Number of protein chains: 2
Amino acid sequence: MGEIVTTGNELLIGKTLNTNAQWLTRRITSLGIKIARITVIGDSVDEISQVLKEALQRKNQFIITVGGLGPTFDDKTLQGIAMALQVELKLEEQARKMVEDKYKKYVEEGRMENVELTPHRVKMAMLPQGAKPLFNPVGTAPGVIMKKDDTTIIALPGVPPEMEAIFEDSVIPILKKAAGNRTFFETSIDATGLMESEVAPIVEKVMHDNPYVYIKSHPKLKEKAANLELHLSTTAEDSKIAKNRVSKALIQLTEMIQAKGGKTKPSAQLKTDAP
Amino acid sequence: MGEIVTTGNELLIGKTLNTNAQWLTRRITSLGIKIARITVIGDSVDEISQVLKEALQRKNQFIITVGGLGPTFDDKTLQGIAMALQVELKLEEQARKMVEDKYKKYVEEGRMENVELTPHRVKMAMLPQGAKPLFNPVGTAPGVIMKKDDTTIIALPGVPPEMEAIFEDSVIPILKKAAGNRTFFETSIDATGLMESEVAPIVEKVMHDNPYVYIKSHPKLKEKAANLELHLSTTAEDSKIAKNRVSKALIQLTEMIQAKGGKTKPSAQLKTDAP
């Protein structure tokens, strides 16, 4: 079980849609791991530190922060984490080399003229004491990983392709090891002809009879349109078990809806191209 | 200052993109009001109650919850709020009439056959003691408003057109009254030819000289693409003051970037069709 903390004033003024949170939760859920909370806060050292301390108190296995690792004054995540852990920021040699190698490469490619490690560039290699960098195959700022008691804290940059690349390369193996072989399976059907309040007792009955399957109804537009998506999901040790559980619940759900005069069909809503 | 709490397992498994949070933050920011935090949690009474209690401790002027007001077993927001406030859920007469009128209308329109207030339907009118309903012009479940000490708690349904309609009709007037006449103004330029780490000290200088303007750089793809969006924003009592402040900072920023060999142009990134 873990939490995600996404930072950035742009998320609090509605300039940016939080696609990073959706991408990460979808990817982590597919590993059979539960995300319990997502918190969005601004670019403030105090706020980041406060949210980290709260999440640490909840005894999470892991906390993943997104954003605030770059070279600008408002990239404050590592300061916030250091404050929460009551440690200093220190130049980390491996991180410094990663940043320097990137700038050397940019100079070779003719993208910039000088490789000088200005204070704004060195900043990306100043990690909370005890932390290690995670290689960024796409951009400049490394990801960062550290432990606090039983919680692993992972800091990822906010630029989506950088966040995704570090997650795939460096974070997935860590989470898989912690979670073991678990799998998530989901499917959806669309129901028409019944209102959500009429389907509600059916969903409760099917969930009662299928205790490992979670069913959630999503009105497609509004309840009076009487068009619902019904989403079924489970997490299991084995994908065959997971599929069987969901199939069994789906058959019962479909039969009960039809018996009440509703109609069902496979939902077009569910993304099957998820990672 | 306020916070947003969005509930729903679908947000924690990455099934649903949190467009509601973006819509609300954008709309509230346009009123010159600051959102300090967004929290996303699952459909759990304990979790909702816990997050509410935390947000109340932070002395917010308002807390807006989104989701969990409908007729299904996992619509748990009002239970969570009642637990946080240590009050009972009670049938509220105005809310009961709103729900009943909706079902009468659906029957008249031939959308359903019986208007009976089943337990799943009555549920939408069971409000925390002392709360009042907010009329839902689009769907069935009313919004809910209540006070706890100096904090106004507003619960909105999660279906986007319902959430938006109740917000526009009932919540905007309340927030405007609390905020007074404030306004938010923003603009963006794209900068090319310099890396984010080269622009960083320029941004700091311009912000130092223009203390009411916040400037944030957003790499368009990755830092090595050397293509940045620079977003300038301010909040003021008057839209003329706000525009003047941003314009002054924008001129200085543009001149300093050009003096360093960078190029600037108006950004296509900024949505100007925001409400």
# chains A, B, ... in the order shown; residues from 1 in each chain; ligands from 1
>>> closest_atom_pairs(of="chain B", to="chain A", cutoff="6 Å", atoms="only C-alpha atoms", output="CSV")
residue,atom,partner,partner_atom,distance
B:Leu12,CA,A:Ile35,CA,5.9
B:Ile13,CA,A:Thr25,CA,5.2
B:Gly14,CA,A:Arg26,CA,4.2
B:Leu17,CA,A:Gln22,CA,5.8
B:Gln22,CA,A:Gly14,CA,4.5
B:Thr25,CA,A:Gly14,CA,4.8
B:Arg26,CA,A:Gly14,CA,4.2
B:Thr29,CA,A:Ile13,CA,5.6
B:Ile35,CA,A:Leu12,CA,5.9
B:Arg37,CA,A:Ile41,CA,5.0
B:Ile38,CA,A:Val40,CA,4.9
B:Thr39,CA,A:Thr39,CA,4.6
B:Val40,CA,A:Ile38,CA,4.9
B:Ile41,CA,A:Arg37,CA,5.0
B:Pro71,CA,A:Ser197,CA,5.4
B:Thr72,CA,A:Ala200,CA,5.0
B:His120,CA,A:Ser197,CA,5.9
B:Gly139,CA,A:Lys222,CA,5.6
B:Ser197,CA,A:Pro71,CA,5.4
B:Ala200,CA,A:Thr72,CA,5.0
B:Lys222,CA,A:Gly139,CA,5.6
>>> write_last_selection(atoms="N, CA and C atoms", output="JSON list (two decimals), in the first residue's frame")
[["chain", "number", "residue", "atom", "x", "y", "z"],
["B", 12, "LEU", "N", -8.36, 6.22, -7.68],
["B", 12, "LEU", "CA", -7.16, 5.61, -7.07],
["B", 12, "LEU", "C", -6.65, 4.43, -7.88],
["B", 13, "ILE", "N", -7.48, 3.90, -8.79],
["B", 13, "ILE", "CA", -6.98, 2.82, -9.66],
["B", 13, "ILE", "C", -6.66, 3.36, -11.06],
["B", 14, "GLY", "N", -6.79, 4.66, -11.22],
["B", 14, "GLY", "CA", -6.42, 5.26, -12.51],
["B", 14, "GLY", "C", -7.43, 5.02, -13.61],
["B", 17, "LEU", "N", -9.72, 9.99, -14.96],
["B", 17, "LEU", "CA", -8.86, 11.17, -14.85],
["B", 17, "LEU", "C", -9.62, 12.21, -14.03],
["B", 22, "GLN", "N", -9.56, 19.64, -11.70],
["B", 22, "GLN", "CA", -9.06, 20.73, -12.54],
["B", 22, "GLN", "C", -10.16, 21.77, -12.80],
["B", 25, "THR", "N", -10.66, 23.82, -9.52],
["B", 25, "THR", "CA", -9.55, 24.71, -9.15],
["B", 25, "THR", "C", -9.48, 25.89, -10.13],
["B", 26, "ARG", "N", -9.71, 25.62, -11.41],
["B", 26, "ARG", "CA", -9.66, 26.69, -12.41],
["B", 26, "ARG", "C", -10.75, 27.73, -12.14],
["B", 29, "THR", "N", -9.99, 29.57, -8.77],
["B", 29, "THR", "CA", -8.86, 30.48, -8.96],
["B", 29, "THR", "C", -9.31, 31.75, -9.69],
["B", 35, "ILE", "N", -6.70, 27.71, -3.69],
["B", 35, "ILE", "CA", -6.87, 26.32, -3.25],
["B", 35, "ILE", "C", -5.51, 25.85, -2.75],
["B", 37, "ARG", "N", -4.87, 22.71, -1.24],
["B", 37, "ARG", "CA", -4.61, 21.26, -1.28],
["B", 37, "ARG", "C", -5.78, 20.54, -1.94],
["B", 38, "ILE", "N", -5.45, 19.50, -2.68],
["B", 38, "ILE", "CA", -6.47, 18.59, -3.21],
["B", 38, "ILE", "C", -6.12, 17.20, -2.66],
["B", 39, "THR", "N", -7.10, 16.52, -2.08],
["B", 39, "THR", "CA", -6.86, 15.16, -1.59],
["B", 39, "THR", "C", -7.80, 14.20, -2.32],
["B", 40, "VAL", "N", -7.26, 13.08, -2.75],
["B", 40, "VAL", "CA", -8.06, 12.05, -3.41],
["B", 40, "VAL", "C", -8.05, 10.81, -2.53],
["B", 41, "ILE", "N", -9.22, 10.33, -2.17],
["B", 41, "ILE", "CA", -9.31, 9.12, -1.35],
["B", 41, "ILE", "C", -10.39, 8.21, -1.90],
["B", 71, "PRO", "N", -27.04, 7.05, -4.93],
["B", 71, "PRO", "CA", -27.86, 6.05, -4.25],
["B", 71, "PRO", "C", -27.15, 4.72, -3.95],
["B", 72, "THR", "N", -25.90, 4.54, -4.38],
["B", 72, "THR", "CA", -25.30, 3.21, -4.22],
["B", 72, "THR", "C", -24.59, 3.07, -2.87],
["B", 120, "HIS", "N", -32.62, 3.18, -1.07],
["B", 120, "HIS", "CA", -31.51, 3.72, -1.86],
["B", 120, "HIS", "C", -31.78, 5.15, -2.33],
["B", 139, "GLY", "N", -29.18, 16.37, -12.16],
["B", 139, "GLY", "CA", -29.41, 14.97, -11.75],
["B", 139, "GLY", "C", -30.26, 14.89, -10.50],
["B", 197, "SER", "N", 17.67, 25.65, -16.98],
["B", 197, "SER", "CA", 18.65, 26.06, -15.97],
["B", 197, "SER", "C", 19.27, 27.42, -16.29],
["B", 200, "ALA", "N", 16.33, 29.97, -15.31],
["B", 200, "ALA", "CA", 15.99, 29.99, -13.87],
["B", 200, "ALA", "C", 16.43, 31.28, -13.16],
["B", 222, "LYS", "N", 11.08, 18.19, -22.74],
["B", 222, "LYS", "CA", 12.15, 17.85, -21.83],
["B", 222, "LYS", "C", 13.16, 18.97, -21.92]]
>>> residues_around(residues="Lys248 of chain B", least_positions_apart="2", cutoff="10 Å", atoms="only C-alpha atoms", output="list in words")
Val206, Asp209, Asn210, Val213, Lys243, Asn244, Arg245, Val246, Leu250, Ile251, Gln252 and Leu253 of chain B
>>> residues_around(residues="Lys76 of chain A", least_positions_apart="3", cutoff="8 Å", atoms="only C-alpha atoms", output="count of residues only")
8
>>> closest_residue(among="B:Ile202, B:Ala242, B:Val66, B:Met83", to="Pro157 of chain B", atoms="only C-alpha atoms")
B:Val66
>>> residues_around(residues="Ile63 of chain A", least_positions_apart="3", cutoff="8 Å", atoms="only C-alpha atoms", output="list in words")
Gly2, Glu3, Ile4, Val5, Ala55, Asn60, Thr151, Thr152, Ile153 and Ile154 of chain A
>>> write_last_selection(atoms="N, CA and C atoms", output="CSV table (one decimal), in the first residue's frame")
chain,number,residue,atom,x,y,z
A,2,GLY,N,0.5,2.2,-0.8
A,2,GLY,CA,1.3,3.4,-0.9
A,2,GLY,C,0.4,4.7,-1.2
A,3,GLU,N,1.1,5.8,-1.2
A,3,GLU,CA,0.5,7.1,-1.5
A,3,GLU,C,1.3,7.8,-2.6
A,4,ILE,N,0.6,8.7,-3.3
A,4,ILE,CA,1.2,9.6,-4.3
A,4,ILE,C,1.0,11.0,-3.8
A,5,VAL,N,2.1,11.8,-3.9
A,5,VAL,CA,2.0,13.2,-3.6
A,5,VAL,C,2.5,13.9,-4.9
A,55,ALA,N,2.1,11.4,5.6
A,55,ALA,CA,2.1,10.1,4.9
A,55,ALA,C,2.9,9.1,5.6
A,60,ASN,N,2.9,3.9,5.3
A,60,ASN,CA,2.9,3.4,3.9
A,60,ASN,C,4.1,2.6,3.6
A,151,THR,N,9.3,2.7,5.3
A,151,THR,CA,8.8,3.4,4.1
A,151,THR,C,9.8,3.7,3.1
A,152,THR,N,9.6,3.4,1.8
A,152,THR,CA,10.5,3.8,0.7
A,152,THR,C,9.9,5.1,0.1
A,153,ILE,N,10.7,6.1,0.1
A,153,ILE,CA,10.3,7.4,-0.5
A,153,ILE,C,10.9,7.5,-1.9
A,154,ILE,N,10.1,7.7,-2.9
A,154,ILE,CA,10.7,7.8,-4.3
A,154,ILE,C,10.2,9.2,-4.8
>>> closest_residue(among="B:Ala82, B:Met1, B:Leu31, B:Met124", to="Asp238 of chain B", atoms="only C-alpha atoms")
B:Leu31
>>> select_by_dssp(residues="segment 58-224 of chain B", states="strand (DSSP E)", output="ChimeraX atom specification")
/B:62-66,89-91,126-128,132-134,143-148,151-156,183-192,214-219
>>> closest_residue(among="B:Thr235, B:Thr254, B:Ser247, B:Gln50", to="Thr183 of chain B", atoms="only C-alpha atoms")
B:Thr235
>>> atom_distance(atom1="atom CA of Gln129 of chain B", atom2="atom CA of Val87 of chain B")
5.9 Å
>>> select_by_dssp(residues="segment 196-230 of chain B", states="helix (DSSP H, G or I)", output="list in words")
Glu196, Ser197, Glu198, Val199, Ala200, Pro201, Ile202, Val203, Glu204, Lys205, Val206, Met207, His208, Asp209, Glu223, Lys224 and Ala225 of chain B
>>> atom_distance(atom1="atom CA of Lys147 of chain A", atom2="atom CA of Arg96 of chain A")
20.3 Å
>>> residues_around(residues="Leu91 of chain A", least_positions_apart="6", cutoff="8 Å", atoms="only C-alpha atoms", output="PDB file with C-alpha atoms, in the first residue's frame")
ATOM      1  CA  VAL A 122      24.177  21.515  -9.027  1.00  0.00           C
ATOM      2  CA  ALA A 125      22.333  16.684  -7.394  1.00  0.00           C
ATOM      3  CA  MET A 126      21.750  17.990  -3.852  1.00  0.00           C
ATOM      4  CA  LEU A 127      19.924  15.042  -2.275  1.00  0.00           C
TER       5      LEU A 127
END
>>> atom_distance(atom1="atom CA of Ile48 of chain B", atom2="atom CA of Ala84 of chain B")
8.1 Å
>>> residues_around(residues="Pro142 of chain A", least_positions_apart="5", cutoff="7 Å", atoms="only C-alpha atoms", output="VMD selection string")
chain A and resid 95 133 to 136
>>> decode(residues="segment 43-192 of chain A", atoms="C-alpha atoms", output="PDB file, in the first residue's frame")
ATOM      1  CA  ASP A  43       5.497  24.503  -4.501  1.00  0.00           C
ATOM      2  CA  SER A  44       6.112  25.129  -0.813  1.00  0.00           C
ATOM      3  CA  VAL A  45       8.827  23.494   1.295  1.00  0.00           C
ATOM      4  CA  ASP A  46       6.632  23.626   4.410  1.00  0.00           C
ATOM      5  CA  GLU A  47       3.661  22.054   2.653  1.00  0.00           C
ATOM      6  CA  ILE A  48       5.738  19.288   1.068  1.00  0.00           C
ATOM      7  CA  SER A  49       7.408  18.537   4.395  1.00  0.00           C
ATOM      8  CA  GLN A  50       4.048  18.508   6.191  1.00  0.00           C
ATOM      9  CA  VAL A  51       2.394  16.153   3.683  1.00  0.00           C
ATOM     10  CA  LEU A  52       5.412  13.815   3.791  1.00  0.00           C
ATOM     11  CA  LYS A  53       5.263  13.664   7.585  1.00  0.00           C
ATOM     12  CA  GLU A  54       1.545  12.877   7.479  1.00  0.00           C
ATOM     13  CA  ALA A  55       2.052  10.127   4.888  1.00  0.00           C
ATOM     14  CA  LEU A  56       4.933   8.637   6.910  1.00  0.00           C
ATOM     15  CA  GLN A  57       2.683   8.462   9.983  1.00  0.00           C
ATOM     16  CA  ARG A  58       0.223   6.361   7.962  1.00  0.00           C
ATOM     17  CA  LYS A  59       2.887   3.621   7.710  1.00  0.00           C
ATOM     18  CA  ASN A  60       2.869   3.390   3.933  1.00  0.00           C
ATOM     19  CA  GLN A  61       5.152   0.865   2.238  1.00  0.00           C
ATOM     20  CA  PHE A  62       6.004   3.569  -0.250  1.00  0.00           C
ATOM     21  CA  ILE A  63       5.400   7.237  -0.975  1.00  0.00           C
ATOM     22  CA  ILE A  64       5.945   8.501  -4.503  1.00  0.00           C
ATOM     23  CA  THR A  65       6.302  12.246  -5.036  1.00  0.00           C
ATOM     24  CA  VAL A  66       5.958  13.764  -8.501  1.00  0.00           C
ATOM     25  CA  GLY A  67       7.373  17.133  -9.543  1.00  0.00           C
ATOM     26  CA  GLY A  68       9.749  19.706  -8.115  1.00  0.00           C
ATOM     27  CA  LEU A  69      13.140  18.146  -8.943  1.00  0.00           C
ATOM     28  CA  GLY A  70      14.300  20.597 -11.615  1.00  0.00           C
ATOM     29  CA  PRO A  71      16.702  23.557 -11.606  1.00  0.00           C
ATOM     30  CA  THR A  72      14.282  26.401 -10.798  1.00  0.00           C
ATOM     31  CA  PHE A  73      13.722  28.151  -7.472  1.00  0.00           C
ATOM     32  CA  ASP A  74      10.270  26.581  -7.116  1.00  0.00           C
ATOM     33  CA  ASP A  75      11.509  23.018  -7.537  1.00  0.00           C
ATOM     34  CA  LYS A  76      11.361  22.345  -3.808  1.00  0.00           C
ATOM     35  CA  THR A  77      10.558  18.678  -3.329  1.00  0.00           C
ATOM     36  CA  LEU A  78      13.980  17.560  -2.100  1.00  0.00           C
ATOM     37  CA  GLN A  79      14.096  20.426   0.383  1.00  0.00           C
ATOM     38  CA  GLY A  80      10.652  19.406   1.610  1.00  0.00           C
ATOM     39  CA  ILE A  81      11.622  15.757   1.989  1.00  0.00           C
ATOM     40  CA  ALA A  82      14.869  16.682   3.778  1.00  0.00           C
ATOM     41  CA  MET A  83      12.902  18.853   6.209  1.00  0.00           C
ATOM     42  CA  ALA A  84      10.401  16.042   6.877  1.00  0.00           C
ATOM     43  CA  LEU A  85      13.206  13.545   7.519  1.00  0.00           C
ATOM     44  CA  GLN A  86      15.250  16.097   9.503  1.00  0.00           C
ATOM     45  CA  VAL A  87      18.348  15.565   7.387  1.00  0.00           C
ATOM     46  CA  GLU A  88      20.542  17.943   5.353  1.00  0.00           C
ATOM     47  CA  LEU A  89      20.694  18.283   1.580  1.00  0.00           C
ATOM     48  CA  LYS A  90      24.144  17.202   0.416  1.00  0.00           C
ATOM     49  CA  LEU A  91      25.868  17.003  -2.943  1.00  0.00           C
ATOM     50  CA  GLU A  92      25.569  13.320  -3.897  1.00  0.00           C
ATOM     51  CA  GLU A  93      28.449  12.183  -6.064  1.00  0.00           C
ATOM     52  CA  GLN A  94      26.550   9.718  -8.283  1.00  0.00           C
ATOM     53  CA  ALA A  95      23.818  12.308  -8.896  1.00  0.00           C
ATOM     54  CA  ARG A  96      26.385  15.021  -9.650  1.00  0.00           C
ATOM     55  CA  LYS A  97      27.961  12.782 -12.262  1.00  0.00           C
ATOM     56  CA  MET A  98      24.573  11.991 -13.834  1.00  0.00           C
ATOM     57  CA  VAL A  99      23.773  15.712 -14.146  1.00  0.00           C
ATOM     58  CA  GLU A 100      27.245  16.581 -15.449  1.00  0.00           C
ATOM     59  CA  ASP A 101      27.139  13.769 -18.037  1.00  0.00           C
ATOM     60  CA  LYS A 102      23.798  15.097 -19.299  1.00  0.00           C
ATOM     61  CA  TYR A 103      25.156  18.614 -19.794  1.00  0.00           C
ATOM     62  CA  LYS A 104      28.279  17.226 -21.518  1.00  0.00           C
ATOM     63  CA  LYS A 105      25.974  15.368 -23.884  1.00  0.00           C
ATOM     64  CA  TYR A 106      23.885  18.484 -24.568  1.00  0.00           C
ATOM     65  CA  VAL A 107      27.084  20.414 -25.414  1.00  0.00           C
ATOM     66  CA  GLU A 108      28.267  17.616 -27.726  1.00  0.00           C
ATOM     67  CA  GLU A 109      24.907  17.694 -29.451  1.00  0.00           C
ATOM     68  CA  GLY A 110      25.241  21.446 -29.941  1.00  0.00           C
ATOM     69  CA  ARG A 111      22.198  22.196 -27.785  1.00  0.00           C
ATOM     70  CA  MET A 112      24.104  24.501 -25.457  1.00  0.00           C
ATOM     71  CA  GLU A 113      27.518  26.068 -25.167  1.00  0.00           C
ATOM     72  CA  ASN A 114      28.820  25.632 -21.670  1.00  0.00           C
ATOM     73  CA  VAL A 115      28.786  22.670 -19.358  1.00  0.00           C
ATOM     74  CA  GLU A 116      29.504  24.701 -16.240  1.00  0.00           C
ATOM     75  CA  LEU A 117      27.745  23.317 -13.177  1.00  0.00           C
ATOM     76  CA  THR A 118      26.008  26.531 -12.109  1.00  0.00           C
ATOM     77  CA  PRO A 119      24.228  26.570  -8.721  1.00  0.00           C
ATOM     78  CA  HIS A 120      20.895  25.924 -10.517  1.00  0.00           C
ATOM     79  CA  ARG A 121      22.365  22.801 -12.117  1.00  0.00           C
ATOM     80  CA  VAL A 122      24.177  21.515  -9.027  1.00  0.00           C
ATOM     81  CA  LYS A 123      20.844  21.843  -7.207  1.00  0.00           C
ATOM     82  CA  MET A 124      19.567  18.746  -9.045  1.00  0.00           C
ATOM     83  CA  ALA A 125      22.333  16.684  -7.394  1.00  0.00           C
ATOM     84  CA  MET A 126      21.750  17.990  -3.852  1.00  0.00           C
ATOM     85  CA  LEU A 127      19.924  15.042  -2.275  1.00  0.00           C
ATOM     86  CA  PRO A 128      18.628  14.456   1.243  1.00  0.00           C
ATOM     87  CA  GLN A 129      21.377  12.708   3.214  1.00  0.00           C
ATOM     88  CA  GLY A 130      21.215   8.946   2.648  1.00  0.00           C
ATOM     89  CA  ALA A 131      19.281   9.215  -0.645  1.00  0.00           C
ATOM     90  CA  LYS A 132      20.404   7.765  -3.973  1.00  0.00           C
ATOM     91  CA  PRO A 133      19.683   9.005  -7.509  1.00  0.00           C
ATOM     92  CA  LEU A 134      17.615   7.089 -10.082  1.00  0.00           C
ATOM     93  CA  PHE A 135      18.888   7.528 -13.644  1.00  0.00           C
ATOM     94  CA  ASN A 136      16.728   9.756 -15.858  1.00  0.00           C
ATOM     95  CA  PRO A 137      16.994   8.377 -19.418  1.00  0.00           C
ATOM     96  CA  VAL A 138      14.973  11.261 -20.889  1.00  0.00           C
ATOM     97  CA  GLY A 139      15.804  14.535 -19.099  1.00  0.00           C
ATOM     98  CA  THR A 140      18.322  16.035 -16.706  1.00  0.00           C
ATOM     99  CA  ALA A 141      17.075  15.775 -13.108  1.00  0.00           C
ATOM    100  CA  PRO A 142      17.577  12.294 -11.637  1.00  0.00           C
ATOM    101  CA  GLY A 143      14.827  10.621  -9.637  1.00  0.00           C
ATOM    102  CA  VAL A 144      15.637  10.077  -5.971  1.00  0.00           C
ATOM    103  CA  ILE A 145      15.093   7.120  -3.633  1.00  0.00           C
ATOM    104  CA  MET A 146      15.519   6.849   0.124  1.00  0.00           C
ATOM    105  CA  LYS A 147      14.227   4.892   3.139  1.00  0.00           C
ATOM    106  CA  LYS A 148      12.621   6.174   6.341  1.00  0.00           C
ATOM    107  CA  ASP A 149      11.935   3.330   8.763  1.00  0.00           C
ATOM    108  CA  ASP A 150       9.809   0.859   6.741  1.00  0.00           C
ATOM    109  CA  THR A 151       8.751   3.365   4.086  1.00  0.00           C
ATOM    110  CA  THR A 152      10.482   3.791   0.732  1.00  0.00           C
ATOM    111  CA  ILE A 153      10.274   7.373  -0.543  1.00  0.00           C
ATOM    112  CA  ILE A 154      10.658   7.834  -4.281  1.00  0.00           C
ATOM    113  CA  ALA A 155      10.814  11.287  -5.886  1.00  0.00           C
ATOM    114  CA  LEU A 156      10.123  11.549  -9.626  1.00  0.00           C
ATOM    115  CA  PRO A 157      10.250  14.611 -11.887  1.00  0.00           C
ATOM    116  CA  GLY A 158       6.960  16.084 -13.108  1.00  0.00           C
ATOM    117  CA  VAL A 159       7.639  16.131 -16.861  1.00  0.00           C
ATOM    118  CA  PRO A 160       5.537  13.133 -17.949  1.00  0.00           C
ATOM    119  CA  PRO A 161       8.007  11.300 -20.252  1.00  0.00           C
ATOM    120  CA  GLU A 162      10.761  11.686 -17.617  1.00  0.00           C
ATOM    121  CA  MET A 163       8.488  10.485 -14.801  1.00  0.00           C
ATOM    122  CA  GLU A 164       7.309   7.516 -16.875  1.00  0.00           C
ATOM    123  CA  ALA A 165      10.801   6.479 -17.985  1.00  0.00           C
ATOM    124  CA  ILE A 166      12.302   6.522 -14.477  1.00  0.00           C
ATOM    125  CA  PHE A 167       9.237   4.684 -13.159  1.00  0.00           C
ATOM    126  CA  GLU A 168       9.494   1.930 -15.774  1.00  0.00           C
ATOM    127  CA  ASP A 169      13.271   1.518 -15.501  1.00  0.00           C
ATOM    128  CA  SER A 170      13.904   1.915 -11.781  1.00  0.00           C
ATOM    129  CA  VAL A 171      10.664   1.864  -9.760  1.00  0.00           C
ATOM    130  CA  ILE A 172       8.740  -1.075 -11.240  1.00  0.00           C
ATOM    131  CA  PRO A 173      11.388  -3.631 -10.146  1.00  0.00           C
ATOM    132  CA  ILE A 174      11.306  -2.268  -6.574  1.00  0.00           C
ATOM    133  CA  LEU A 175       7.501  -2.340  -6.341  1.00  0.00           C
ATOM    134  CA  LYS A 176       7.270  -5.808  -7.899  1.00  0.00           C
ATOM    135  CA  LYS A 177       9.730  -7.134  -5.373  1.00  0.00           C
ATOM    136  CA  ALA A 178       7.714  -5.637  -2.495  1.00  0.00           C
ATOM    137  CA  ALA A 179       4.315  -6.743  -3.845  1.00  0.00           C
ATOM    138  CA  GLY A 180       5.157 -10.252  -4.966  1.00  0.00           C
ATOM    139  CA  ASN A 181       3.237 -11.800  -7.839  1.00  0.00           C
ATOM    140  CA  ARG A 182      -0.090 -10.105  -7.708  1.00  0.00           C
ATOM    141  CA  THR A 183      -2.334  -9.090 -10.541  1.00  0.00           C
ATOM    142  CA  PHE A 184      -5.285  -6.770 -11.114  1.00  0.00           C
ATOM    143  CA  PHE A 185      -8.146  -7.656 -13.460  1.00  0.00           C
ATOM    144  CA  GLU A 186     -11.072  -5.478 -14.500  1.00  0.00           C
ATOM    145  CA  THR A 187     -13.934  -5.396 -16.941  1.00  0.00           C
ATOM    146  CA  SER A 188     -16.976  -3.226 -17.603  1.00  0.00           C
ATOM    147  CA  ILE A 189     -20.491  -3.558 -18.949  1.00  0.00           C
ATOM    148  CA  ASP A 190     -23.000  -0.888 -19.907  1.00  0.00           C
ATOM    149  CA  ALA A 191     -26.530  -1.237 -18.544  1.00  0.00           C
ATOM    150  CA  THR A 192     -29.562   0.557 -19.944  1.00  0.00           C
TER     151      THR A 192
END
